[in-house]
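Participant: What follows is a structure written as structure tokens; I'll ask about it next.
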Amino acid sequence: MTIADVAITALSVVLVALVAAGAVPALVALFHFLAIPFHAWINHYGKARPTTPRVAIVIPAWNEGLVIGTTIDRLLQLDYPRDRLRICVVDDASTDDTPDVVRDRAERHPGVVVHMRREQGGEGKAHTLNHGIRTLLQDDWMEALLIMDADVIYRRDSLRKMTRHLADPEVGAVTGYVREGSATKNAVTRFIAFEYVLAQIASRRAQNVVGAVACLAGGAQLHTRENIEALGGAIDTTTLAEDTVTTFETQLGGRKVVFDPHAVVLAEEPPSLDALWKQRLRWGRGNVQLTIRSRRIWFRPSKVHGLGSLAFGLSWFSVFLLPAFMIGASVGLIGLYLLDSDLATVVFRALWIVVGCAYVFSMAFAAQLDPEIGRIAWREILLFPGIISLVVMVAAFYPGLVDGWLLDLLGVDMTPALRTTFDLASYAWISLSMLAAWGVRHVDRTRARWLTVPLLYLVGFGPVLCAVTFAAYVAEARRLDRVWEKTEKTGRVAG
Amino acid sequence: MSDVQEQQAEIERDRRSERRLIWQALVAIAVVVVLVVLREWLSR
């Protein structure tokens with residue numbers, strides 16, 4: 001064996017490893033979803049008891065005139081003792097009619113609705129929340145604190161279903177299922193609705209099982225007073241992921257975080273891809289900041305919290321590093337193709353069979369978790385990875401189907417040149433899909449935005465989320481300004 | 001039934017309803033099995 005042979009073999013091994021790494025997120029997702037059924041036994045209901053602590057609800061509001069009135073009205077209808085509820089709207093120097101709407105409700109419900117005004121605002125949600133929290137901690141009325149967003153609509157039983165977990169003194173915070181609730185849904189909101197099924201009632205059940213919750217939803221986080229005081233009486237203001245930081249700090253302090261899938265609240269989500277991109281870029285950058293900040297936690301098991309467990313670390317990094325895994329898989333496959341095209345074909349099929357099985361299992365499972373969303377968003381569930389990725393997946397899973405039957409149907413001969421083009425395009429698409437998603441986002445900012453939805457179905461929503469994560473890496477690496485851009489809300493929530 | 005009893009019953013209902021996750025997972029596994037069997041059948 002010559003040195004060149006050894007080098008080629010070594011390079012092949014490295015390239016196969018890169019492709020195999022590309023299957024890791026799918027395998028971790030599969031493991032994550034296989035943990036969900038265990039929520040039938042490993043859940044917190046055994047320690048839950050009917051309990052109604054005095055709850056102060058803090059709602060940060062900056063120019064929320066369109067939504068804040070309905071939100072307060074719905075909170076006043078909560079199935080919860082009125083004398084144990086205080087709704088505090090922290091008006092962050094709004095310039096619309098927010099102060100008038102809140103003052104009107106405060107006058108009609110004295111002692112229950114409270115208007116807190118900041119004359120100097122614009123510092124972001126965490127600063128606004130802290131203004132309210134500082135005020136509430138000045139007396140001992142508050143026993144629990146509910147942090148929510150101005151556009152979130154609570155079902156009558158939502159708060160009660162959250163407070164029941166506070167009967168367990170080990171619990172520091174509870175979160176619920178934030179469900180996409182726009183009255184008029186479009187393709188983007190339907191994709192988000194299903195994404196929330198995946199990320200919340202699926203993933204967070206699995207997180208309950210492994211004993212570490214990744215994030216308290218910004219629209220529904222209930223804390224004990226002791227937890228807020230242990231956090232220093234304030235929410236973190238140094239990152240763009242204040243909700244996740246709060247979640248981590250709570251668990252690092254040895255207090256449990258519980259997710260209750262039956263505590264449902266409805267939220268209005270961005271109706272356009274461009275608005276969604278801005279929101280997710282902020283979340284993504286926050287996650288980059290938090291991942292770096294938590295570097296001493298990862299993969300270091302602790303008796304105090306579950307954040308250092310192998311299961312939680314794999315789950316976190318398989319999402320956080322997904323763009324890197326995708327680029328690695330493409331590079332590996334194209335490199336293998338240049339070295340040994342037959343080996344590349346075998347490895348490519350193996351990768352997509354693993355990814356395909358994980359995808360089909362998780363989609364088929366998640367679609368049943370919220371049957372209403374499953375019914376409304378069936379197209380988005382099927383096309384979550386995009387039509388192009390689905391064709392690639394089918395081609396890998398059923399090799400004869402696309403190569404033979406489909407091409408026969410189209411009257412196309414599979415020439416060697418076409419074979420090479422199809423193979424290389426399939427390999428490159430794993431990472432090029434992110435570039436295409438970035439392009440679709442830019443189409444949404446032009447006059448041709450009518451093309452956004454068909455392109456979104458073609459490219460897929462999954463690649464959009466990966467592309468935003470990649471954009472977050474870039475924004476953090478370039479140290480771009482950490483601007484807190486508000487997601488526009490219009491009061492379109494139904495239910 | 002008092003409020004407290006009703007809420008306790010609601011907790012029990014929610015706890016029991018989590019058992020449906022097992023059947024839902026089995027349905028999802030069955031879908032994957034069908035696809036794999038189909039693959040084997042088509043590749044003959």
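Chain labels run A, B, ... following the order of the structure tokens; each chain numbers its residues from 1, and ligands are numbered from 1 in the order shown.
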Apply DSSP to the structure's backbone, then extract all residues of region 184-404 of chain A labelled strand (DSSP E) and return them as a list in words.
Facilitator: Gln221, Leu222, His223, Thr224, Lys256, Val257, Val258, Phe259, Asp260, Pro261, His262, Ala263, Val264, Val265, Leu266 and Ala267 of chain A
Participant: Okay, now the selection with N, CA and C atoms, as an mmCIF file, in the first residue's frame?
Facilitator:
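Result written to out39.cif:
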data_model
loop_
_atom_site.group_PDB
_atom_site.id
_atom_site.type_symbol
_atom_site.label_atom_id
_atom_site.label_comp_id
_atom_site.auth_asym_id
_atom_site.auth_seq_id
_atom_site.Cartn_x
_atom_site.Cartn_y
_atom_site.Cartn_z
ATOM 1 N N GLN A 221 -44.609 31.973 31.837
ATOM 2 C CA GLN A 221 -43.664 31.447 32.828
ATOM 3 C C GLN A 221 -44.079 31.893 34.216
ATOM 4 N N LEU A 222 -44.355 30.896 35.023
ATOM 5 C CA LEU A 222 -44.812 31.136 36.390
ATOM 6 C C LEU A 222 -43.670 30.794 37.338
ATOM 7 N N HIS A 223 -43.305 31.771 38.168
ATOM 8 C CA HIS A 223 -42.203 31.554 39.125
ATOM 9 C C HIS A 223 -42.724 31.657 40.550
ATOM 10 N N THR A 224 -42.082 30.906 41.434
ATOM 11 C CA THR A 224 -42.367 31.155 42.849
ATOM 12 C C THR A 224 -41.641 32.456 43.225
ATOM 13 N N LYS A 256 -36.647 23.003 40.466
ATOM 14 C CA LYS A 256 -37.178 22.312 39.287
ATOM 15 C C LYS A 256 -37.929 23.261 38.370
ATOM 16 N N VAL A 257 -37.874 22.958 37.075
ATOM 17 C CA VAL A 257 -38.717 23.643 36.099
ATOM 18 C C VAL A 257 -39.637 22.577 35.496
ATOM 19 N N VAL A 258 -40.931 22.866 35.503
ATOM 20 C CA VAL A 258 -41.916 21.878 35.038
ATOM 21 C C VAL A 258 -42.664 22.434 33.829
ATOM 22 N N PHE A 259 -42.870 21.576 32.843
ATOM 23 C CA PHE A 259 -43.702 21.940 31.686
ATOM 24 C C PHE A 259 -45.031 21.204 31.812
ATOM 25 N N ASP A 260 -46.146 21.957 31.741
ATOM 26 C CA ASP A 260 -47.465 21.309 31.757
ATOM 27 C C ASP A 260 -48.112 21.464 30.382
ATOM 28 N N PRO A 261 -48.214 20.371 29.604
ATOM 29 C CA PRO A 261 -48.777 20.473 28.250
ATOM 30 C C PRO A 261 -50.265 20.794 28.236
ATOM 31 N N HIS A 262 -50.923 20.658 29.399
ATOM 32 C CA HIS A 262 -52.368 20.925 29.444
ATOM 33 C C HIS A 262 -52.686 22.371 29.806
ATOM 34 N N ALA A 263 -51.668 23.134 30.176
ATOM 35 C CA ALA A 263 -51.858 24.570 30.427
ATOM 36 C C ALA A 263 -51.604 25.285 29.098
ATOM 37 N N VAL A 264 -52.677 25.586 28.394
ATOM 38 C CA VAL A 264 -52.543 26.100 27.019
ATOM 39 C C VAL A 264 -52.824 27.600 26.974
ATOM 40 N N VAL A 265 -51.926 28.333 26.337
ATOM 41 C CA VAL A 265 -52.163 29.755 26.088
ATOM 42 C C VAL A 265 -51.978 30.004 24.586
ATOM 43 N N LEU A 266 -52.650 31.037 24.088
ATOM 44 C CA LEU A 266 -52.614 31.298 22.647
ATOM 45 C C LEU A 266 -51.820 32.565 22.368
ATOM 46 N N ALA A 267 -50.983 32.512 21.348
ATOM 47 C CA ALA A 267 -50.164 33.682 21.034
ATOM 48 C C ALA A 267 -50.223 33.983 19.544
#
Participant: Using only C-alpha atoms, determine which residues of chain A fall within 10 Å of chain B; present them as number ranges by chain.
Facilitator: A: 33-51, 160-161, 164-165, 202, 205, 260-262, 353, 356-369, 397-401
Participant: Using only C-alpha atoms, which of A:Ser330, A:Glu180, A:Pro169, A:Ile133 sits nearest Arg255 (chain A)?
Facilitator: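 Looking only at the distances to Arg255 (chain A), the closest residue turns out to be A:Pro169.
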Participant: CA of Asp97 (chain A) and CA of Trp62 (chain A) are how many Å apart?
Facilitator: 10.2 Å
Participant: For Ala471 (chain A), please output as a ChimeraX atom specification all residues within 9 Å (counting only C-alpha atoms; exclusion window: fewer than 5 positions along the same chain).
Facilitator: /A:281,284-285,438,466,476
Participant: Next, write the just-selected residues to a file, as an mmCIF file, in the first residue's frame, keeping N, CA and C atoms as the atom set.
Facilitator:
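Contents of again-v9.cif, as written:
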data_model
loop_
_atom_site.group_PDB
_atom_site.id
_atom_site.type_symbol
_atom_site.label_atom_id
_atom_site.label_comp_id
_atom_site.auth_asym_id
_atom_site.auth_seq_id
_atom_site.Cartn_x
_atom_site.Cartn_y
_atom_site.Cartn_z
ATOM 1 N N LEU A 281 -33.902 35.410 14.705
ATOM 2 C CA LEU A 281 -32.488 35.813 14.748
ATOM 3 C C LEU A 281 -32.154 36.294 16.163
ATOM 4 N N GLY A 284 -31.974 33.220 18.236
ATOM 5 C CA GLY A 284 -30.779 32.452 17.870
ATOM 6 C C GLY A 284 -29.526 33.083 18.451
ATOM 7 N N ARG A 285 -29.443 34.419 18.362
ATOM 8 C CA ARG A 285 -28.266 35.105 18.917
ATOM 9 C C ARG A 285 -28.229 34.928 20.430
ATOM 10 N N TRP A 438 -32.449 31.479 3.001
ATOM 11 C CA TRP A 438 -32.035 32.878 3.168
ATOM 12 C C TRP A 438 -32.551 33.694 1.979
ATOM 13 N N CYS A 466 -32.795 26.492 10.257
ATOM 14 C CA CYS A 466 -31.342 26.262 10.261
ATOM 15 C C CYS A 466 -30.601 27.496 9.750
ATOM 16 N N GLU A 476 -23.331 37.099 15.687
ATOM 17 C CA GLU A 476 -22.569 37.141 16.939
ATOM 18 C C GLU A 476 -21.066 37.241 16.662
#
